[in-house]
$ cat model_34.csv   # CSV, C-alpha atoms and all ligand atoms
chain,number,residue,atom,x,y,z
A,1,MET,CA,216.2,113.6,10.2
A,2,SER,CA,218.7,110.7,9.9
A,3,ALA,CA,217.1,109.1,6.9
A,4,PHE,CA,214.3,109.8,4.5
A,5,LYS,CA,211.4,107.4,3.8
A,6,ARG,CA,211.7,105.2,0.7
A,7,PHE,CA,208.4,104.6,-1.2
A,8,ARG,CA,209.9,103.4,-4.5
A,9,PRO,CA,210.6,99.8,-3.3
A,10,ARG,CA,206.8,99.3,-3.2
A,11,ARG,CA,206.7,100.1,-6.9
A,12,VAL,CA,209.6,98.1,-8.4
A,13,ASP,CA,207.5,95.6,-10.3
A,14,GLU,CA,203.9,94.5,-10.8
A,15,ASP,CA,203.9,91.8,-8.2
A,16,THR,CA,205.2,94.2,-5.6
A,17,ARG,CA,202.7,96.9,-6.6
A,18,ASP,CA,200.0,94.4,-6.3
A,19,ARG,CA,200.9,93.6,-2.7
A,20,TYR,CA,200.5,97.3,-1.8
A,21,ARG,CA,197.4,97.9,-3.7
A,22,GLU,CA,194.6,99.4,-1.5
A,23,THR,CA,191.7,99.3,-3.9
A,24,ARG,CA,190.7,96.5,-6.3
A,25,LEU,CA,187.9,96.3,-8.8
A,26,GLN,CA,185.8,93.2,-8.5
A,27,PRO,CA,183.0,92.0,-10.8
A,28,ALA,CA,180.5,92.2,-8.0
A,29,ASP,CA,181.2,96.0,-7.7
A,30,PHE,CA,179.6,96.5,-11.2
A,31,ILE,CA,176.1,97.2,-12.5
A,32,LEU,CA,175.6,97.0,-16.2
A,33,PRO,CA,173.1,99.5,-17.8
A,34,LEU,CA,171.1,98.0,-20.7
A,35,PHE,CA,168.8,99.6,-23.3
A,36,LEU,CA,165.8,97.5,-24.1
A,37,VAL,CA,163.7,98.0,-27.3
A,38,GLU,CA,160.6,96.3,-28.7
A,39,GLY,CA,160.7,93.5,-31.2
A,40,ARG,CA,162.7,90.3,-31.6
A,41,GLY,CA,166.2,89.5,-32.6
A,42,ILE,CA,167.5,93.0,-32.2
A,43,LYS,CA,171.0,93.8,-31.2
A,44,GLN,CA,171.9,97.1,-32.7
A,45,ALA,CA,175.0,99.2,-32.0
A,46,ILE,CA,174.3,102.6,-30.6
A,47,PRO,CA,176.3,105.1,-32.7
A,48,SER,CA,176.9,107.6,-29.9
A,49,MET,CA,178.2,104.9,-27.6
A,50,PRO,CA,180.4,102.3,-29.3
A,51,GLY,CA,180.3,99.0,-27.4
A,52,VAL,CA,176.7,99.6,-26.2
A,53,TYR,CA,173.6,98.2,-27.9
A,54,HIS,CA,169.9,98.4,-28.2
A,55,TYR,CA,168.6,94.9,-27.4
A,56,SER,CA,165.2,93.2,-27.7
A,57,ALA,CA,164.8,91.0,-24.6
A,58,ASP,CA,165.3,87.7,-26.6
A,59,ALA,CA,168.5,88.9,-28.1
A,60,LEU,CA,169.8,90.1,-24.8
A,61,ILE,CA,169.6,86.7,-23.1
A,62,PRO,CA,172.5,84.9,-24.8
A,63,ASP,CA,174.8,87.9,-24.1
A,64,LEU,CA,173.6,88.0,-20.4
A,65,HIS,CA,174.4,84.2,-20.1
A,66,HIS,CA,177.9,84.8,-21.2
A,67,LEU,CA,178.4,87.8,-18.9
A,68,ARG,CA,176.8,86.0,-16.0
A,69,ASP,CA,179.3,83.2,-16.4
A,70,LYS,CA,182.1,85.8,-16.1
A,71,GLY,CA,180.6,87.1,-12.8
A,72,LEU,CA,178.1,89.8,-13.8
A,73,SER,CA,175.9,90.3,-10.7
A,74,ALA,CA,173.5,93.2,-11.6
A,75,ILE,CA,171.9,95.0,-14.5
A,76,LEU,CA,170.0,98.3,-14.8
A,77,LEU,CA,167.3,98.3,-17.4
A,78,PHE,CA,166.2,101.3,-19.4
A,79,GLY,CA,163.1,100.9,-21.7
A,80,VAL,CA,163.3,102.8,-25.0
A,81,PRO,CA,159.8,102.6,-26.6
A,82,GLU,CA,159.4,102.9,-30.4
A,83,HIS,CA,156.6,105.5,-30.0
A,84,LYS,CA,156.3,108.1,-27.3
A,85,GLY,CA,153.3,107.6,-24.9
A,86,LEU,CA,153.3,107.8,-21.1
A,87,GLU,CA,151.0,104.9,-20.4
A,88,GLN,CA,153.6,102.4,-21.7
A,89,ALA,CA,155.8,103.4,-18.7
A,90,TRP,CA,153.5,101.5,-16.3
A,91,ASP,CA,151.9,99.0,-18.8
A,92,ASP,CA,152.2,95.4,-17.6
A,93,ARG,CA,153.1,94.6,-21.2
A,94,GLY,CA,155.6,97.4,-21.5
A,95,ILE,CA,159.2,96.7,-22.7
A,96,VAL,CA,160.7,96.5,-19.2
A,97,GLN,CA,157.8,94.7,-17.6
A,98,GLN,CA,157.9,92.0,-20.2
A,99,ALA,CA,161.7,91.6,-20.2
A,100,ILE,CA,162.0,91.1,-16.4
A,101,PRO,CA,160.5,87.5,-16.2
A,102,GLN,CA,162.4,86.4,-19.3
A,103,ILE,CA,165.7,87.6,-17.8
A,104,ARG,CA,164.8,86.2,-14.4
A,105,ALA,CA,164.1,82.7,-16.0
A,106,ALA,CA,167.3,82.8,-18.0
A,107,CYS,CA,169.7,84.2,-15.3
A,108,PRO,CA,168.4,83.3,-11.8
A,109,GLY,CA,170.3,85.2,-9.1
A,110,LEU,CA,171.1,88.2,-11.4
A,111,GLU,CA,170.0,91.4,-9.7
A,112,ILE,CA,167.5,93.1,-12.0
A,113,ILE,CA,167.4,96.8,-11.3
A,114,THR,CA,165.0,99.0,-13.3
A,115,ASP,CA,165.3,102.7,-14.0
A,116,VAL,CA,162.1,104.5,-13.0
A,117,CYS,CA,161.7,107.6,-15.1
A,118,LEU,CA,159.4,109.1,-17.7
A,119,CYS,CA,161.8,110.9,-20.0
A,120,SER,CA,161.9,108.1,-22.6
A,121,TYR,CA,158.1,108.0,-22.7
A,122,THR,CA,157.0,111.7,-22.5
A,123,PRO,CA,156.7,113.4,-25.9
A,124,ASP,CA,158.8,116.4,-24.7
A,125,GLY,CA,161.6,114.2,-23.2
A,126,HIS,CA,161.2,115.7,-19.7
A,127,CYS,CA,161.3,113.5,-16.6
A,128,HIS,CA,158.0,115.0,-15.3
A,129,VAL,CA,154.5,115.8,-16.6
A,130,GLY,CA,154.6,119.4,-15.6
A,131,ASP,CA,153.7,119.3,-11.9
A,132,ASN,CA,155.9,117.6,-9.2
A,133,ASP,CA,153.1,116.1,-7.1
A,134,SER,CA,151.2,114.5,-10.0
A,135,THR,CA,154.5,113.2,-11.4
A,136,ILE,CA,155.4,111.3,-8.2
A,137,GLU,CA,152.1,109.5,-8.3
A,138,ILE,CA,152.9,108.4,-11.9
A,139,LEU,CA,156.4,107.3,-10.9
A,140,ALA,CA,154.9,105.2,-8.1
A,141,ARG,CA,152.7,103.5,-10.6
A,142,VAL,CA,155.7,102.8,-12.9
A,143,ALA,CA,157.8,101.5,-10.0
A,144,LEU,CA,154.9,99.3,-8.9
A,145,SER,CA,154.6,97.8,-12.3
A,146,HIS,CA,158.3,96.9,-12.4
A,147,ALA,CA,158.1,95.4,-8.9
A,148,ARG,CA,155.1,93.3,-9.8
A,149,ALA,CA,156.9,92.1,-12.9
A,150,GLY,CA,159.6,90.9,-10.5
A,151,ALA,CA,162.3,93.6,-10.4
A,152,ASP,CA,164.7,93.1,-7.5
A,153,THR,CA,165.3,96.8,-7.1
A,154,VAL,CA,163.7,100.0,-8.5
A,155,ALA,CA,165.9,103.1,-9.2
A,156,PRO,CA,164.0,106.4,-9.7
A,157,SER,CA,166.2,108.8,-11.7
A,158,ASP,CA,163.8,111.7,-12.2
A,159,MET,CA,164.8,114.1,-9.3
A,160,MET,CA,161.2,115.0,-8.4
A,161,ASP,CA,160.6,115.9,-4.7
A,162,GLY,CA,159.0,113.1,-2.7
A,163,ARG,CA,159.2,110.4,-5.3
A,164,VAL,CA,161.0,107.9,-3.0
A,165,TRP,CA,158.2,108.5,-0.4
A,166,ALA,CA,155.5,108.0,-3.0
A,167,ILE,CA,157.1,104.8,-4.4
A,168,ARG,CA,157.8,103.3,-1.0
A,169,GLN,CA,154.1,103.9,0.0
A,170,ALA,CA,152.8,102.3,-3.2
A,171,LEU,CA,155.1,99.3,-2.8
A,172,ASP,CA,154.2,98.8,0.9
A,173,ARG,CA,150.5,99.1,0.2
A,174,GLU,CA,150.9,96.0,-2.1
A,175,GLY,CA,153.0,94.2,0.4
A,176,LEU,CA,156.1,94.5,-1.9
A,177,ASN,CA,159.4,95.0,-0.1
A,178,THR,CA,161.3,95.8,-3.2
A,179,PRO,CA,164.2,98.1,-2.2
A,180,ILE,CA,164.6,101.5,-3.7
A,181,MET,CA,168.0,102.6,-5.1
A,182,SER,CA,167.5,106.3,-5.6
A,183,TYR,CA,169.4,108.6,-7.7
A,184,ALA,CA,169.7,110.9,-4.7
A,185,ALA,CA,172.3,113.3,-5.9
A,186,LYS,CA,171.8,113.6,-9.7
A,187,TYR,CA,173.3,116.7,-11.2
A,188,ALA,CA,172.2,118.7,-14.2
A,189,SER,CA,175.3,117.6,-16.1
A,190,SER,CA,176.7,118.0,-19.6
A,191,PHE,CA,177.9,114.4,-19.4
A,192,TYR,CA,174.6,112.8,-20.3
A,193,GLY,CA,174.7,113.6,-24.0
A,194,PRO,CA,175.4,110.2,-25.5
A,195,PHE,CA,172.8,108.5,-23.2
A,196,ARG,CA,170.1,110.9,-24.3
A,197,ASP,CA,170.8,109.7,-27.8
A,198,ALA,CA,170.6,106.1,-26.7
A,199,ALA,CA,167.5,106.5,-24.6
A,200,ASP,CA,165.9,109.0,-27.0
A,201,CYS,CA,165.2,111.3,-24.1
A,202,ALA,CA,166.8,114.6,-24.9
A,203,PRO,CA,164.3,117.4,-23.8
A,204,SER,CA,162.7,118.9,-26.9
A,205,SER,CA,162.8,122.3,-25.3
A,206,GLY,CA,164.5,123.7,-22.2
A,207,ASP,CA,166.8,121.6,-20.0
A,208,ARG,CA,166.7,119.7,-16.7
A,209,ARG,CA,168.2,122.4,-14.5
A,210,GLY,CA,164.8,123.0,-12.9
A,211,TYR,CA,164.9,119.6,-11.3
A,212,GLN,CA,168.4,118.1,-11.4
A,213,MET,CA,171.0,119.5,-9.0
A,214,ASP,CA,173.1,122.5,-9.6
A,215,PRO,CA,176.8,121.3,-10.1
A,216,PRO,CA,178.4,123.8,-7.6
A,217,ASN,CA,176.3,122.4,-4.7
A,218,GLY,CA,177.8,119.8,-2.3
A,219,ASP,CA,176.0,120.4,1.0
A,220,GLU,CA,172.7,120.2,-0.8
A,221,ALA,CA,173.6,116.7,-2.1
A,222,MET,CA,173.9,115.6,1.6
A,223,GLU,CA,170.4,117.1,2.2
A,224,GLU,CA,169.0,115.3,-0.8
A,225,ILE,CA,170.6,112.0,0.3
A,226,ALA,CA,169.4,112.3,3.9
A,227,ALA,CA,165.9,113.1,2.6
A,228,ASP,CA,165.8,110.0,0.3
A,229,ILE,CA,167.0,107.7,3.1
A,230,GLU,CA,164.4,109.1,5.4
A,231,GLU,CA,161.7,108.5,2.7
A,232,GLY,CA,162.8,104.9,2.3
A,233,ALA,CA,165.8,104.6,0.0
A,234,ALA,CA,167.9,101.5,0.7
A,235,SER,CA,170.8,102.7,-1.3
A,236,VAL,CA,171.7,106.0,-3.0
A,237,ILE,CA,173.3,106.9,-6.4
A,238,ILE,CA,175.6,109.9,-7.0
A,239,LYS,CA,175.6,110.9,-10.7
A,240,PRO,CA,177.8,111.6,-12.6
A,241,ALA,CA,180.8,110.1,-10.9
A,242,LEU,CA,184.1,111.7,-12.1
A,243,SER,CA,183.3,115.3,-11.5
A,244,TYR,CA,181.6,114.4,-8.3
A,245,LEU,CA,184.2,112.3,-6.5
A,246,ASP,CA,184.1,114.6,-3.5
A,247,ILE,CA,180.3,114.0,-3.2
A,248,ILE,CA,180.9,110.3,-3.3
A,249,HIS,CA,183.5,110.6,-0.6
A,250,ARG,CA,181.3,112.8,1.6
A,251,ALA,CA,178.2,110.5,1.1
A,252,ARG,CA,180.2,107.4,2.1
A,253,SER,CA,181.5,109.1,5.3
A,254,ALA,CA,178.1,110.6,6.2
A,255,PHE,CA,175.7,107.8,5.6
A,256,LYS,CA,175.4,104.1,6.4
A,257,VAL,CA,173.5,103.0,3.3
A,258,PRO,CA,175.4,101.7,0.2
A,259,VAL,CA,176.7,104.5,-2.0
A,260,VAL,CA,176.5,103.8,-5.7
A,261,ALA,CA,178.2,105.9,-8.4
A,262,TYR,CA,176.9,106.2,-12.0
A,263,ASN,CA,179.9,106.4,-14.4
A,264,VAL,CA,177.8,108.1,-17.0
A,265,SER,CA,177.8,108.0,-20.8
A,266,GLY,CA,179.8,111.2,-21.3
A,267,GLU,CA,182.6,109.9,-19.1
A,268,TYR,CA,182.6,106.6,-21.0
A,269,THR,CA,182.7,108.4,-24.4
A,270,MET,CA,185.4,110.9,-23.4
A,271,VAL,CA,187.8,108.3,-22.3
A,272,ASN,CA,187.0,106.0,-25.2
A,273,ASN,CA,187.6,108.8,-27.6
A,274,MET,CA,191.0,109.5,-26.1
A,275,ILE,CA,191.9,105.9,-26.4
A,276,LYS,CA,190.6,105.7,-30.0
A,277,LYS,CA,192.7,108.7,-31.0
A,278,GLY,CA,195.8,107.1,-29.5
A,279,LEU,CA,196.0,109.9,-26.8
A,280,ALA,CA,195.7,107.4,-23.9
A,281,ARG,CA,196.3,103.8,-23.2
A,282,GLU,CA,193.4,101.5,-22.3
A,283,GLU,CA,194.6,101.4,-18.7
A,284,MET,CA,192.8,104.8,-18.4
A,285,ILE,CA,189.6,102.9,-18.0
A,286,GLU,CA,190.8,101.1,-14.9
A,287,GLU,CA,192.3,104.3,-13.5
A,288,VAL,CA,188.9,106.0,-13.9
A,289,LEU,CA,186.9,103.2,-12.3
A,290,VAL,CA,189.4,102.6,-9.4
A,291,SER,CA,189.2,106.3,-8.6
A,292,ILE,CA,185.4,106.0,-8.2
A,293,LYS,CA,185.8,103.1,-5.9
A,294,ARG,CA,188.7,104.7,-3.9
A,295,ALA,CA,186.5,107.8,-3.4
A,296,GLY,CA,184.0,105.5,-1.6
A,297,ALA,CA,181.5,104.0,-4.1
A,298,GLN,CA,180.5,100.5,-3.1
A,299,ARG,CA,179.0,99.9,-6.4
A,300,ILE,CA,179.6,101.4,-9.9
A,301,ILE,CA,177.1,101.6,-12.7
A,302,SER,CA,179.3,101.5,-15.8
A,303,TYR,CA,179.1,100.7,-19.5
A,304,TRP,CA,182.6,99.2,-19.1
A,305,THR,CA,181.2,96.4,-17.0
A,306,PRO,CA,181.7,93.8,-19.7
A,307,ARG,CA,185.3,94.7,-20.1
A,308,ILE,CA,186.0,94.7,-16.3
A,309,ILE,CA,184.4,91.3,-15.6
A,310,GLY,CA,185.6,89.9,-18.9
B,1,LIG,C1,167.1,110.1,-17.4
B,1,LIG,C2,168.4,109.6,-17.2
B,1,LIG,C3,169.6,110.2,-17.8
B,1,LIG,C4,170.6,109.3,-17.4
B,1,LIG,C5,170.1,108.2,-16.7
B,1,LIG,N1,168.7,108.4,-16.6
B,1,LIG,C6,169.8,111.4,-18.6
B,1,LIG,C7,169.3,112.6,-18.1
B,1,LIG,O1,168.9,112.8,-16.9
B,1,LIG,O2,169.2,113.5,-18.9
B,1,LIG,C8,172.0,109.5,-17.9
B,1,LIG,C9,172.9,108.3,-17.9
B,1,LIG,C10,174.2,108.5,-18.7
B,1,LIG,O3,174.5,109.6,-19.2
B,1,LIG,O4,174.9,107.5,-18.8
B,1,LIG,N2,166.2,110.0,-16.3
$ encode --input "model_34.csv" --output "structure tokens"
Amino acid sequence: MSAFKRFRPRRVDEDTRDRYRETRLQPADFILPLFLVEGRGIKQAIPSMPGVYHYSADALIPDLHHLRDKGLSAILLFGVPEHKGLEQAWDDRGIVQQAIPQIRAACPGLEIITDVCLCSYTPDGHCHVGDNDSTIEILARVALSHARAGADTVAPSDMMDGRVWAIRQALDREGLNTPIMSYAAKYASSFYGPFRDAADCAPSSGDRRGYQMDPPNGDEAMEEIAADIEEGAASVIIKPALSYLDIIHRARSAFKVPVVAYNVSGEYTMVNNMIKKGLAREEMIEEVLVSIKRAGAQRIISYWTPRIIG
């Protein structure tokens, strides 16, 4: 070898590094999760997740206007009812169903995605009502009520078998072509802790390992994704993101539909805590998000969305 290769010239200063940068975060990559509560005039900080709020629909609108101006393109809505009770999940006057037209009127063009699950509504905090096949009928009802209210996309996060199929059938029967973004590979993860506080959905007994995926499994994620696409999913979510970058990468190579990664509450909190304690610089946030995009995610659901687009 007569000479060795020099890489360092690409890194001499920020302008140069920018020219060689392979991956860039863009506002359109991001989906902002939002927690909706009943009432009026509520914007309440969620203690387990600094920077994230419980909003009543009216109080959310001004903040959404602001974010929309900065380039926010999509939101993911979670309803957090004051009192438990399953019927509220598909009630036309439910929190999510009522908020959709208000958000639509205030922010035309913003993609409104709704989380379809039962765990914030069931008294025991589980994502099912006991039996798989009756649960998917209920989930179809919930999704239908969201679609009727005007949701652009419905996102089932329950991990029941056949729910994409049941939802697609229910929507088609009503002539609704609302796309399904399914949480296809959702793992039984320890990274959901802060969210369960925010959505008041921690299981009162047991855990979710009987329905969410076993973390050591990768091939099975490919089977789950293939099944959801076959059942009618238009895009698929891998969740969490950071400990599952290999799954994101594999999904992107193996399938044609858009791959979405959910950068979950525990990932958000872990990094924020390091920054708060002075153990990391704020750039850690961009490093985390760019790793998810570099792994192959076309879209990222993240609580840091306001910071990135801001
Ligand atoms: C429940 C649901 C969870 C999350 C989204 N939907 C929690 C769980 O499955 O226990 C987690 C999101 C996050 O941690 O940010 N269906």
$ closest_residue --input "model_34.csv" --among "A:Ile229, A:Ile95, A:Ile136, A:Ile180" --to "A:His83" --atoms "all atoms listed in the file"
A:Ile95
$ residues_around --input "model_34.csv" --residues "A:Arg209" --least-positions-apart "6" --cutoff "9 Å" --atoms "all atoms listed in the file" --output "list in words"
Tyr187, Ala188 and Ser189 of chain A
$ closest_residue --input "model_34.csv" --among "A:Lys70, A:His65, A:His146, A:Lys186" --to "A:Ile100" --atoms "all atoms listed in the file"
A:His146
$ closest_residue --input "model_34.csv" --among "A:Asp197, A:Met274, A:Gln98, A:Phe78" --to "A:Pro156" --atoms "all atoms listed in the file"
A:Phe78
$ atom_distance --input "model_34.csv" --atom1 "atom CA of A:Cys127" --atom2 "atom CA of A:Asp92"
20.3 Å
$ closest_residue --input "model_34.csv" --among "A:Met284, A:Leu118, A:Leu242, A:Val259" --to "ligand LIG 1 (chain B)" --atoms "all atoms listed in the file"
A:Leu118
$ residues_near_ligand --input "model_34.csv" --ligand "ligand LIG 1 (chain B)" --cutoff "10 Å" --atoms "all atoms listed in the file" --output "PyMOL selection string"
chain A and resi 33+49+78+115-120+125-128+155-159+183+186-203+207-209+211-212+239-240+262-269+301-303
$ atom_distance --input "model_34.csv" --atom1 "atom CA of A:Pro9" --atom2 "atom CA of A:Pro27"
29.6 Å
$ residues_around --input "model_34.csv" --residues "stretch 52-61 of chain A" --least-positions-apart "4" --cutoff "10 Å" --atoms "only C-alpha atoms" --output "number ranges by chain"
A: 33-48, 65-67, 78-80, 95-96, 98-100, 102-107, 198-199, 303-304
$ closest_residue --input "model_34.csv" --among "A:Arg21, A:Ala184, A:Ala149, A:Phe30" --to "A:Val164" --atoms "only C-alpha atoms"
A:Ala184
$ closest_residue --input "model_34.csv" --among "A:Val260, A:Gly85, A:Thr135, A:Ala241" --to "A:Leu289" --atoms "all atoms listed in the file"
A:Ala241
$ atom_distance --input "model_34.csv" --atom1 "atom CA of A:Glu22" --atom2 "atom CA of A:His249"
15.8 Å
$ residues_around --input "model_34.csv" --residues "stretch 168-170 of chain A" --least-positions-apart "2" --cutoff "9 Å" --atoms "all atoms listed in the file" --output "PyMOL selection string"
chain A and resi 137+140-141+143-144+163-166+172-180+231-233
